[in-house]
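Undergrad: Quick one, run27.txt (compact mmCIF, C-alpha atoms):
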```
# COMPACT_ATOMS: atom_id res chain seq x y z
CA MET J 26 11.78 -55.83 4.20
CA PRO J 27 9.65 -53.94 1.66
CA ASP J 28 7.88 -50.82 2.87
CA ARG J 29 4.10 -51.48 2.66
CA ARG J 30 2.67 -48.27 4.06
CA GLU J 31 -0.43 -46.62 2.59
CA ILE J 32 -1.68 -43.07 2.85
CA ASP J 33 -4.97 -41.31 2.02
CA ILE J 34 -4.70 -38.60 -0.61
CA GLU J 35 -7.69 -36.31 -0.86
CA VAL J 36 -7.73 -34.63 -4.27
CA MET J 37 -9.84 -31.76 -5.51
CA ARG J 38 -11.78 -32.72 -8.62
CA TYR J 39 -13.48 -30.38 -11.04
CA ASN J 40 -14.72 -31.10 -14.52
CA PRO J 41 -16.18 -27.90 -15.97
CA GLU J 42 -18.32 -29.92 -18.41
CA THR J 43 -20.20 -31.88 -15.75
CA ASP J 44 -19.57 -30.31 -12.31
CA SER J 45 -21.16 -27.13 -11.04
CA GLU J 46 -18.46 -26.81 -8.39
CA PRO J 47 -15.28 -28.60 -7.25
CA HIS J 48 -15.48 -31.53 -4.82
CA MET J 49 -12.97 -33.70 -2.96
CA GLN J 50 -12.23 -37.36 -3.71
CA THR J 51 -10.06 -39.63 -1.56
CA PHE J 52 -7.67 -42.29 -2.87
CA ARG J 53 -5.57 -44.78 -0.90
CA VAL J 54 -2.02 -44.87 -2.23
CA PRO J 55 0.92 -47.15 -1.31
CA PHE J 56 4.23 -45.39 -0.77
CA ASP J 57 7.78 -45.82 0.47
CA GLU J 58 10.58 -43.48 1.53
CA ASP J 59 11.14 -42.22 -2.03
CA THR J 60 7.55 -41.58 -3.13
CA SER J 61 6.96 -37.94 -3.94
CA VAL J 62 3.52 -36.34 -3.83
CA LEU J 63 3.69 -36.18 -7.63
CA MET J 64 4.36 -39.94 -7.78
CA GLY J 65 1.34 -40.42 -5.53
CA LEU J 66 -0.81 -38.53 -8.05
CA GLN J 67 0.70 -40.54 -10.90
CA TYR J 68 -0.19 -43.74 -9.03
CA ILE J 69 -3.79 -42.55 -8.84
CA LYS J 70 -3.83 -41.75 -12.56
CA ASP J 71 -2.19 -45.06 -13.57
CA HIS J 72 -4.06 -47.43 -11.26
CA LEU J 73 -7.18 -45.82 -9.74
CA ASP J 74 -8.65 -43.09 -11.96
CA GLY J 75 -7.17 -42.24 -15.34
CA SER J 76 -9.24 -39.08 -15.63
CA LEU J 77 -7.33 -37.23 -12.88
CA THR J 78 -5.79 -34.15 -14.50
CA PHE J 79 -2.61 -32.41 -13.31
CA ARG J 80 0.51 -30.87 -14.82
CA TRP J 81 4.02 -32.21 -14.45
CA SER J 82 7.12 -32.68 -16.52
CA CYS J 83 10.65 -32.95 -15.14
CA ARG J 84 9.90 -34.46 -11.67
CA MET J 85 13.08 -32.85 -10.28
CA ALA J 86 12.22 -29.24 -9.37
CA VAL J 87 13.55 -27.73 -12.59
CA CYS J 88 10.54 -27.23 -14.87
CA GLY J 89 8.11 -25.59 -12.47
CA SER J 90 5.01 -27.39 -13.83
CA CYS J 91 3.81 -29.45 -10.88
CA GLY J 92 2.90 -26.84 -8.26
CA LYS J 93 -0.12 -27.74 -6.09
CA MET J 94 -1.58 -26.77 -2.75
CA VAL J 95 -0.53 -29.58 -0.38
CA ASN J 96 -2.42 -29.34 2.91
CA GLY J 97 -2.96 -25.66 2.17
CA VAL J 98 0.69 -24.86 1.44
CA PRO J 99 1.95 -24.13 -2.10
CA LYS J 100 4.48 -26.86 -2.97
CA LEU J 101 6.19 -28.40 -5.95
CA SER J 102 4.62 -31.86 -5.79
CA CYS J 103 7.87 -33.45 -7.04
CA LYS J 104 9.81 -31.89 -4.15
CA ALA J 105 7.38 -32.91 -1.38
CA PHE J 106 7.31 -36.49 -0.12
CA LEU J 107 4.40 -38.61 1.12
CA ARG J 108 6.44 -39.87 4.09
CA ALA J 109 6.45 -36.35 5.53
CA TYR J 110 2.65 -36.41 5.87
CA TYR J 111 2.27 -39.96 7.20
CA PRO J 112 0.43 -41.05 9.35
CA GLY J 113 -1.79 -38.06 8.55
CA LYS J 114 -3.39 -37.62 5.15
CA LEU J 115 -2.89 -35.25 2.27
CA ARG J 116 -5.27 -32.73 0.82
CA ILE J 117 -4.19 -31.70 -2.66
CA GLU J 118 -5.81 -28.74 -4.34
CA PRO J 119 -4.99 -26.65 -7.40
CA LEU J 120 -2.75 -23.61 -6.86
CA GLU J 121 -4.69 -20.87 -5.14
CA HIS J 122 -5.61 -17.55 -6.76
CA PHE J 123 -5.87 -19.03 -10.27
CA PRO J 124 -8.95 -20.20 -12.19
CA ILE J 125 -9.23 -23.99 -12.42
CA VAL J 126 -9.14 -25.51 -15.90
CA ARG J 127 -9.80 -29.05 -14.68
CA ASP J 128 -8.99 -30.93 -11.45
CA LEU J 129 -5.51 -29.71 -10.40
CA ALA J 130 -4.63 -27.83 -13.57
CA VAL J 131 -4.97 -24.04 -13.34
CA ASP J 132 -5.18 -21.36 -15.99
CA GLN J 133 -1.79 -19.55 -16.06
CA THR J 134 -2.76 -16.93 -18.65
CA ASP J 135 -2.76 -14.01 -16.21
CA PHE J 136 0.78 -14.79 -15.06
CA LEU J 137 2.07 -15.30 -18.60
CA GLU J 138 0.78 -11.85 -19.57
CA LYS J 139 2.51 -10.33 -16.56
CA LEU J 140 5.72 -12.15 -17.33
CA GLU J 141 5.70 -10.71 -20.84
CA ALA J 142 4.95 -7.23 -19.51
CA VAL J 143 8.22 -7.08 -17.50
CA LYS J 144 10.23 -7.72 -20.70
CA PRO J 145 12.28 -10.57 -19.26
CA TRP J 146 15.11 -10.44 -21.75
CA ILE J 147 18.29 -8.38 -22.16
CA ILE J 148 17.51 -5.11 -23.89
CA ARG J 149 20.33 -3.22 -25.64
CA LYS J 150 20.02 0.28 -26.99
CA GLU J 151 22.25 -0.91 -29.78
CA GLU J 152 23.25 -4.52 -30.38
CA LYS J 153 26.99 -5.08 -30.63
CA PRO J 154 27.99 -6.81 -33.89
CA LEU J 155 28.98 -10.48 -33.45
CA SER J 156 32.52 -9.67 -34.59
CA GLU J 157 33.06 -7.68 -31.37
CA GLY J 158 32.47 -10.79 -29.27
CA THR J 159 30.35 -11.46 -26.22
CA TYR J 160 29.22 -9.06 -23.51
CA LEU J 161 31.65 -9.49 -20.65
CA GLN J 162 30.64 -9.45 -17.02
CA THR J 163 32.60 -9.71 -13.77
CA PRO J 164 31.65 -12.30 -11.12
CA GLU J 165 30.59 -9.38 -8.93
CA GLU J 166 28.23 -8.05 -11.61
CA MET J 167 26.78 -11.52 -12.03
CA ALA J 168 26.21 -11.86 -8.28
CA ASP J 169 23.90 -8.82 -8.47
CA TYR J 170 21.22 -10.74 -10.34
CA GLN J 171 22.09 -14.45 -10.27
CA GLN J 172 19.81 -15.39 -7.38
CA PHE J 173 16.81 -13.88 -9.17
CA SER J 174 17.57 -15.79 -12.37
CA SER J 175 16.76 -19.08 -10.62
CA CYS J 176 12.99 -18.53 -10.96
CA ILE J 177 11.24 -21.42 -12.74
CA ASN J 178 7.83 -19.70 -13.06
CA CYS J 179 6.17 -22.36 -10.90
CA LEU J 180 3.63 -19.85 -9.50
CA LEU J 181 3.94 -21.01 -5.88
CA CYS J 182 4.65 -17.39 -4.89
CA TYR J 183 1.44 -16.21 -6.57
CA SER J 184 -0.56 -18.74 -4.55
CA ALA J 185 1.25 -17.56 -1.42
CA CYS J 186 0.72 -13.84 -2.08
CA PRO J 187 -2.32 -12.41 -0.25
CA GLN J 188 -2.10 -9.23 -2.31
CA TYR J 189 -2.38 -11.11 -5.59
CA GLY J 190 -5.28 -13.05 -4.10
CA LEU J 191 -7.11 -9.86 -3.13
CA ASP J 192 -6.43 -8.03 -6.39
CA ASN J 193 -4.76 -9.79 -9.29
CA ALA J 194 -3.95 -6.49 -10.99
CA PHE J 195 -0.77 -6.71 -8.86
CA THR J 196 2.14 -7.80 -11.05
CA GLY J 197 3.18 -10.28 -8.38
CA PRO J 198 6.35 -11.81 -6.91
CA ALA J 199 7.84 -13.90 -9.75
CA ALA J 200 7.32 -11.35 -12.52
CA LEU J 201 8.77 -8.58 -10.33
CA SER J 202 11.75 -10.79 -9.42
CA LEU J 203 12.43 -11.41 -13.09
CA LEU J 204 12.03 -7.73 -13.81
CA HIS J 205 14.70 -7.09 -11.19
CA ARG J 206 16.87 -9.88 -12.60
CA TYR J 207 17.15 -7.98 -15.91
CA ASN J 208 17.32 -4.47 -14.43
CA ALA J 209 20.19 -5.61 -12.20
CA ASP J 210 22.10 -7.20 -15.09
CA SER J 211 25.09 -5.08 -16.15
CA ARG J 212 24.54 -6.09 -19.80
CA ASP J 213 20.98 -4.78 -19.83
CA GLU J 214 20.02 -1.25 -20.90
CA GLY J 215 16.23 -1.59 -20.65
CA LYS J 216 15.63 -0.22 -17.16
CA SER J 217 13.83 2.88 -18.42
CA GLU J 218 11.37 0.65 -20.29
CA ARG J 219 10.58 -1.32 -17.14
CA MET J 220 10.43 1.50 -14.58
CA PRO J 221 6.90 2.70 -15.45
CA LEU J 222 5.62 -0.72 -14.38
CA VAL J 223 7.81 -0.74 -11.24
CA ASN J 224 6.53 2.73 -10.30
CA SER J 225 2.85 1.91 -10.67
CA GLU J 226 0.37 0.71 -8.07
CA GLU J 227 0.25 -2.60 -9.99
CA GLY J 228 4.07 -2.77 -9.73
CA VAL J 229 6.07 -2.88 -6.51
CA TRP J 230 3.58 -0.65 -4.65
CA GLY J 231 0.94 -3.37 -4.63
CA CYS J 232 3.19 -5.29 -2.19
CA THR J 233 2.89 -4.93 1.58
CA LEU J 234 5.92 -7.13 2.32
CA VAL J 235 4.12 -10.12 3.81
CA GLY J 236 7.11 -12.22 2.70
CA TYR J 237 5.32 -15.57 2.31
CA CYS J 238 6.42 -15.62 -1.38
CA SER J 239 10.07 -15.98 -0.34
CA GLU J 240 9.17 -18.66 2.18
CA VAL J 241 7.44 -20.95 -0.34
CA CYS J 242 9.89 -20.42 -3.22
CA PRO J 243 11.44 -23.82 -4.06
CA LYS J 244 14.47 -22.18 -5.69
CA GLN J 245 15.40 -19.70 -2.88
CA VAL J 246 14.78 -16.71 -5.13
CA ASP J 247 13.52 -14.34 -2.41
CA PRO J 248 10.97 -12.32 -4.43
CA ALA J 249 10.21 -10.15 -1.39
CA ALA J 250 13.79 -8.84 -1.47
CA ALA J 251 13.54 -8.13 -5.20
CA VAL J 252 10.33 -6.18 -4.64
CA ASN J 253 11.72 -4.24 -1.71
CA ARG J 254 14.87 -3.28 -3.59
CA ASN J 255 12.65 -1.91 -6.30
CA LYS J 256 10.63 0.07 -3.79
CA VAL J 257 13.92 1.84 -3.10
CA ASN J 258 14.57 2.22 -6.85
CA SER J 259 11.05 3.53 -7.41
CA THR J 260 11.34 6.00 -4.51
CA MET J 261 14.64 7.31 -5.90
CA ASP J 262 13.03 7.60 -9.31
CA TYR J 263 10.04 9.42 -7.81
CA PHE J 264 12.09 12.14 -6.12
CA LEU J 265 15.12 12.33 -8.42
CA ARG J 266 12.97 12.97 -11.49
CA PHE J 267 12.61 16.56 -10.27
CA LEU J 268 16.40 16.94 -10.29
CA THR J 269 17.37 15.18 -13.49
CA PRO J 270 17.17 16.96 -16.84
CA ARG J 271 15.33 13.99 -18.31
CA GLY J 272 12.67 14.41 -15.65
CA GLY J 273 12.73 10.76 -14.63
CA VAL J 274 11.88 7.82 -16.80
CA ASP J 275 8.12 8.03 -16.57
CA SER J 276 7.37 11.63 -17.53
CA MET C 7 1.28 -2.52 -22.84
CA LYS C 8 -1.08 0.04 -21.39
CA ARG C 9 0.50 3.11 -19.86
CA MET C 10 0.89 2.63 -16.11
CA LYS C 11 0.00 5.41 -13.71
CA ARG C 12 2.83 6.39 -11.36
CA SER C 13 1.95 5.63 -7.74
CA ASN C 14 2.34 8.36 -5.10
CA GLU C 15 3.25 5.65 -2.59
CA PRO C 16 6.99 6.62 -2.52
CA ILE C 17 6.06 9.69 -0.43
CA PHE C 18 4.33 7.60 2.23
CA TRP C 19 6.80 4.75 1.98
CA SER C 20 9.72 7.16 2.61
CA LEU C 21 7.98 8.53 5.71
CA PHE C 22 7.18 4.94 6.75
CA GLY C 23 10.83 3.95 6.29
CA ALA C 24 12.17 6.95 8.18
CA GLY C 25 9.61 6.31 10.93
CA GLY C 26 10.71 2.68 11.01
CA VAL C 27 14.27 3.73 11.77
CA VAL C 28 13.05 5.99 14.58
CA ALA C 29 10.67 3.33 15.91
CA SER C 30 13.39 0.69 16.01
CA MET C 31 16.37 2.81 17.13
CA VAL C 32 15.00 5.59 19.32
CA ALA C 33 11.63 4.38 20.58
CA PRO C 34 12.98 1.36 22.53
CA ALA C 35 15.38 3.65 24.40
CA LEU C 36 12.55 6.04 25.19
CA VAL C 37 10.34 3.18 26.38
CA PHE C 38 13.17 1.98 28.58
CA ILE C 39 13.79 5.41 30.08
CA THR C 40 10.18 6.43 30.65
CA GLY C 41 8.58 3.01 31.18
CA LEU C 42 11.24 1.05 33.07
CA ALA C 43 14.25 3.02 34.28
CA LEU C 44 12.25 5.77 35.96
CA PRO C 45 9.55 3.66 37.69
CA LEU C 46 12.18 1.13 38.85
CA GLY C 47 14.28 3.90 40.32
CA LEU C 48 17.25 3.36 38.01
CA LEU C 49 17.00 7.05 37.23
CA ALA C 50 16.50 9.82 39.74
CA PRO C 51 12.90 11.16 39.71
CA GLU C 52 14.21 14.63 38.80
CA ALA C 53 15.84 13.22 35.63
CA LEU C 54 12.59 13.73 33.73
CA GLY C 55 11.28 16.44 36.01
CA TYR C 56 9.16 19.36 34.80
CA GLU C 57 12.01 21.86 34.69
CA ARG C 58 14.26 19.63 32.63
CA MET C 59 11.47 18.66 30.24
CA ARG C 60 10.53 22.33 29.86
CA ALA C 61 14.16 23.09 29.02
CA LEU C 62 14.27 20.22 26.49
CA VAL C 63 11.15 21.44 24.69
CA GLY C 64 12.39 25.03 25.00
CA SER C 65 15.64 24.38 23.15
CA LEU C 66 15.51 24.17 19.38
CA PRO C 67 17.51 20.91 19.10
CA GLY C 68 15.31 19.31 21.79
CA ALA C 69 12.11 20.43 20.08
CA LEU C 70 13.37 19.22 16.69
CA LEU C 71 14.27 15.84 18.16
CA LEU C 72 10.82 15.44 19.71
CA PHE C 73 9.17 16.56 16.48
CA VAL C 74 11.07 13.97 14.46
CA VAL C 75 10.36 11.18 16.94
CA ILE C 76 6.64 11.91 17.30
CA SER C 77 5.75 12.74 13.69
CA LEU C 78 7.77 10.05 11.93
CA THR C 79 6.59 7.34 14.33
CA LEU C 80 3.02 8.46 13.59
CA TRP C 81 3.53 8.21 9.82
CA HIS C 82 5.12 4.80 10.28
CA THR C 83 2.25 3.53 12.42
CA MET C 84 -0.52 4.87 10.20
CA HIS C 85 1.06 3.44 7.05
CA ARG C 86 1.42 0.04 8.70
CA ILE C 87 -2.18 0.01 9.96
CA ASN C 88 -3.48 1.05 6.55
CA HIS C 89 -1.59 -1.75 4.79
CA SER C 90 -2.31 -4.36 7.46
CA LEU C 91 -6.02 -3.70 6.95
CA HIS C 92 -5.50 -4.62 3.31
CA ASP C 93 -3.63 -7.76 4.39
CA VAL C 94 -6.59 -8.95 6.46
CA GLY C 95 -8.92 -8.36 3.53
CA ILE C 96 -10.30 -4.91 4.26
CA ASN C 97 -9.53 -2.83 1.20
CA ALA C 98 -10.16 0.69 2.45
CA GLY C 99 -8.66 2.21 -0.73
CA LEU C 100 -8.66 5.99 -0.92
CA ALA C 101 -10.77 6.30 2.24
CA GLY C 102 -8.10 4.41 4.20
CA LYS C 103 -5.41 6.69 2.87
CA VAL C 104 -7.42 9.80 3.75
CA VAL C 105 -8.23 8.57 7.28
CA PHE C 106 -4.83 7.17 8.28
CA TYR C 107 -2.51 9.57 6.50
CA GLY C 108 -4.91 12.34 7.53
CA LEU C 109 -4.44 11.35 11.19
CA ALA C 110 -0.67 11.32 10.74
CA PHE C 111 -0.84 14.72 9.07
CA VAL C 112 -3.02 16.20 11.84
CA GLY C 113 -0.69 14.69 14.45
CA THR C 114 2.32 16.17 12.69
CA VAL C 115 0.77 19.63 12.48
CA ALA C 116 -0.36 19.49 16.12
CA THR C 117 3.11 18.40 17.24
CA ALA C 118 4.70 21.22 15.28
CA TYR C 119 2.21 23.70 16.76
CA PHE C 120 2.83 22.67 20.37
CA LEU C 121 6.61 22.43 19.97
CA PHE C 122 7.36 25.45 17.85
CA VAL C 123 4.45 27.88 18.24
CA ALA C 124 2.57 27.37 21.51
CA ARG C 125 5.71 27.17 23.66
CA ARG C 126 6.71 30.73 22.80
```
Just give me the structure as structure tokens.
TA:
Amino acid sequence: MPDRREIDIEVMRYNPETDSEPHMQTFRVPFDEDTSVLMGLQYIKDHLDGSLTFRWSCRMAVCGSCGKMVNGVPKLSCKAFLRAYYPGKLRIEPLEHFPIVRDLAVDQTDFLEKLEAVKPWIIRKEEKPLSEGTYLQTPEEMADYQQFSSCINCLLCYSACPQYGLDNAFTGPAALSLLHRYNADSRDEGKSERMPLVNSEEGVWGCTLVGYCSEVCPKQVDPAAAVNRNKVNSTMDYFLRFLTPRGGVDS
Amino acid sequence: MKRMKRSNEPIFWSLFGAGGVVASMVAPALVFITGLALPLGLLAPEALGYERMRALVGSLPGALLLFVVISLTLWHTMHRINHSLHDVGINAGLAGKVVFYGLAFVGTVATAYFLFVARR
């Protein structure tokens, strides 16, 4: 027997050209066991209101484009299912702590600048010539950073982070996790270039270890652990700079 | 990228961390001894009697132990309160640091005075 259930989806709408402030609009959407929240939004766009604006791409929790607030919780809309909210209703809002471009699409510029600032690529003091082959790494060395390389930049952790919400000068969970991912990589030699950011108030010290970032992460990255490990690194750097001839990386 | 200013937070975070170890390892035992074992009669009343306490404070290892427990727990508590205020949306900034770390500092100095100076 076909599943004929329907659910109310309340969506935040905002058109900067005509609206002075966002408002909510409710749509009734049919669903079955397999209907994701994203598919619910696509149903609205295809059948009820073609002007509804939201980002999505892969629909399988790989691309990180479709993050939304679902009943106040940051979620990948492709990884959350309508059945889980039935017989209640859904309230879908744009990701918190970011400016709204239109409807559910937010402006990611601030994050993209932070991502660039952590230099998320392998830095070598001197590149090895191709003839010498690849950079080898043991499974143990890979285990040091692999978890943190799973980040898909979906921004759920930024919506979850109260510190970022209070003061967006804070570098934030994902960028700091990716910073750690490269600092912890045995092939990387760029730690000294990244430590000034780690050591600053806008770096790891803006975090008070609320831990909600790790809870909402759809890829089990655990940004809170990355940040806390770098609090240890930053503390070592703070005190050891008086003992090392270099005087630490920041002075 | 603009040059980032180094935070002095590692000083307070180290004290917070050390205080956390004390608060989680030593404080529960102290609470048990003073708050439960003694009132329930699991320990003899003389166990924490005046003479024994006087001897504990009078010995250097005893005084050092008390100093570590009291001062580090204070730093831990004050750091946590300061940051929790920020979590609930009260950004006290420098004033918060001055007030809370100031209290911890005063408490530390007072503890040192009573344990190492006044007892002589």
Undergrad: Can you check which residues of chain C have any atom within 10 Å of chain J? Use all atoms listed in the file and format it as a compact mmCIF listing (two decimals) with C-alpha atoms, in the coordinates of the input.
TA:
```
# COMPACT_ATOMS: atom_id res chain seq x y z
CA MET C 7 1.28 -2.52 -22.84
CA LYS C 8 -1.08 0.04 -21.39
CA ARG C 9 0.50 3.11 -19.86
CA MET C 10 0.89 2.63 -16.11
CA LYS C 11 0.00 5.41 -13.71
CA ARG C 12 2.83 6.39 -11.36
CA SER C 13 1.95 5.63 -7.74
CA ASN C 14 2.34 8.36 -5.10
CA GLU C 15 3.25 5.65 -2.59
CA PRO C 16 6.99 6.62 -2.52
CA ILE C 17 6.06 9.69 -0.43
CA PHE C 18 4.33 7.60 2.23
CA TRP C 19 6.80 4.75 1.98
CA SER C 20 9.72 7.16 2.61
CA ARG C 86 1.42 0.04 8.70
CA HIS C 89 -1.59 -1.75 4.79
CA SER C 90 -2.31 -4.36 7.46
CA HIS C 92 -5.50 -4.62 3.31
CA ASP C 93 -3.63 -7.76 4.39
CA VAL C 94 -6.59 -8.95 6.46
CA GLY C 95 -8.92 -8.36 3.53
CA ILE C 96 -10.30 -4.91 4.26
CA ASN C 97 -9.53 -2.83 1.20
```
Undergrad: In Å, with one decimal, what is the gap from atom CA of Arg38 of chain J to atom CA of Asp57 of chain J?
TA: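 Separation between atom CA of Arg38 of chain J and atom CA of Asp57 of chain J: 25.2 Å.
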Undergrad: Neighbours of Leu72 of chain C within 10 Å (only C-alpha atoms; same-chain residues fewer than 5 positions away dropped), as number ranges by chain?
TA: C: 62-63, 66-67, 77-78, 117-118, 121
Undergrad: Around (6.9, 10.1, 14.2) in the file's frame, which residues reach within 10 Å when counting all atoms listed in the file? Return as a PyMOL selection string?
TA: chain C and resi 21-22+24-26+28-29+33+72-84+110+113-114+117
Undergrad: How many Å lie between atom CA of Pro41 of chain J and atom CA of Phe79 of chain J, rounded to one decimal?
TA: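 Computing it gives 14.5 Å between the two atoms.
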Undergrad: To one decimal place in Å, what is the distance between atom CA of Arg212 of chain J and atom CA of Tyr160 of chain J?
TA: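 Between these atoms lies a distance of 6.7 Å.
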Undergrad: Output as lines of an AutoDock Vina configuration file the centre and edge lengths (Å, one decimal) of the box along x, y and z of the file that holds every listed atom of segment 96-105 of chain C after adding 5 Å on each side.
TA:
```
center_x = -8.1
center_y = 2.4
center_z = 3.2
size_x = 15.4
size_y = 24.7
size_z = 18.2
```
Undergrad: At a cut-off of 8 Å, using all atoms listed in the file, what residues contact Phe106 of chain C? Leave out same-chain residues fewer than 6 positions from it and give the result as a list in words.
TA: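 The residues that qualify are Met84, His85, Ile87 and Asn88 of chain C.
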Undergrad: Would you kindly return, as a list in words, each protein, DNA or RNA residue with an atom no farther than 10 Å from any atom of Cys103 of chain J, considering only C-alpha atoms and excluding same-chain residues fewer than 6 positions away?
TA: Thr60, Ser61, Val62, Leu63, Met64, Gly65, Trp81, Ser82, Cys83, Arg84, Met85, Ala86, Val87, Gly89, Ser90, Cys91, Gly92 and Lys93 of chain J
Undergrad: Could you tell me which of J:Pro99, J:Pro119, J:Pro55, J:Gly215 comes closest to Gln67 of chain J if we count all atoms listed in the file?
TA: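 Smallest separation from Gln67 of chain J among the options: J:Pro55.
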Undergrad: Env of Ile117 of chain J: 8 Å cut, atoms = only C-alpha atoms, seq-sep filter 6 positions within chain, self excluded. Answer as JSON, numbers by chain.
TA: {"J": [34, 35, 36, 37, 93, 94, 95, 96, 97]}
Undergrad: Identify which of the residues J:Thr159, J:Lys70, J:Lys153, J:Ala249 lies closest to Gly197 of chain J, counting only C-alpha atoms when measuring atom-to-atom distances.
TA: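 Ranking J:Thr159, J:Lys70, J:Lys153, J:Ala249 by distance to Gly197 of chain J, first place goes to J:Ala249.
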Undergrad: Of the candidates J:Tyr39, J:Phe195, J:Ile32, J:Phe136, which shows the shortest atom-to-atom distance to Gly113 of chain J, using all atoms listed in the file?
TA: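 The shortest atom-to-atom distance to Gly113 of chain J comes from J:Ile32.
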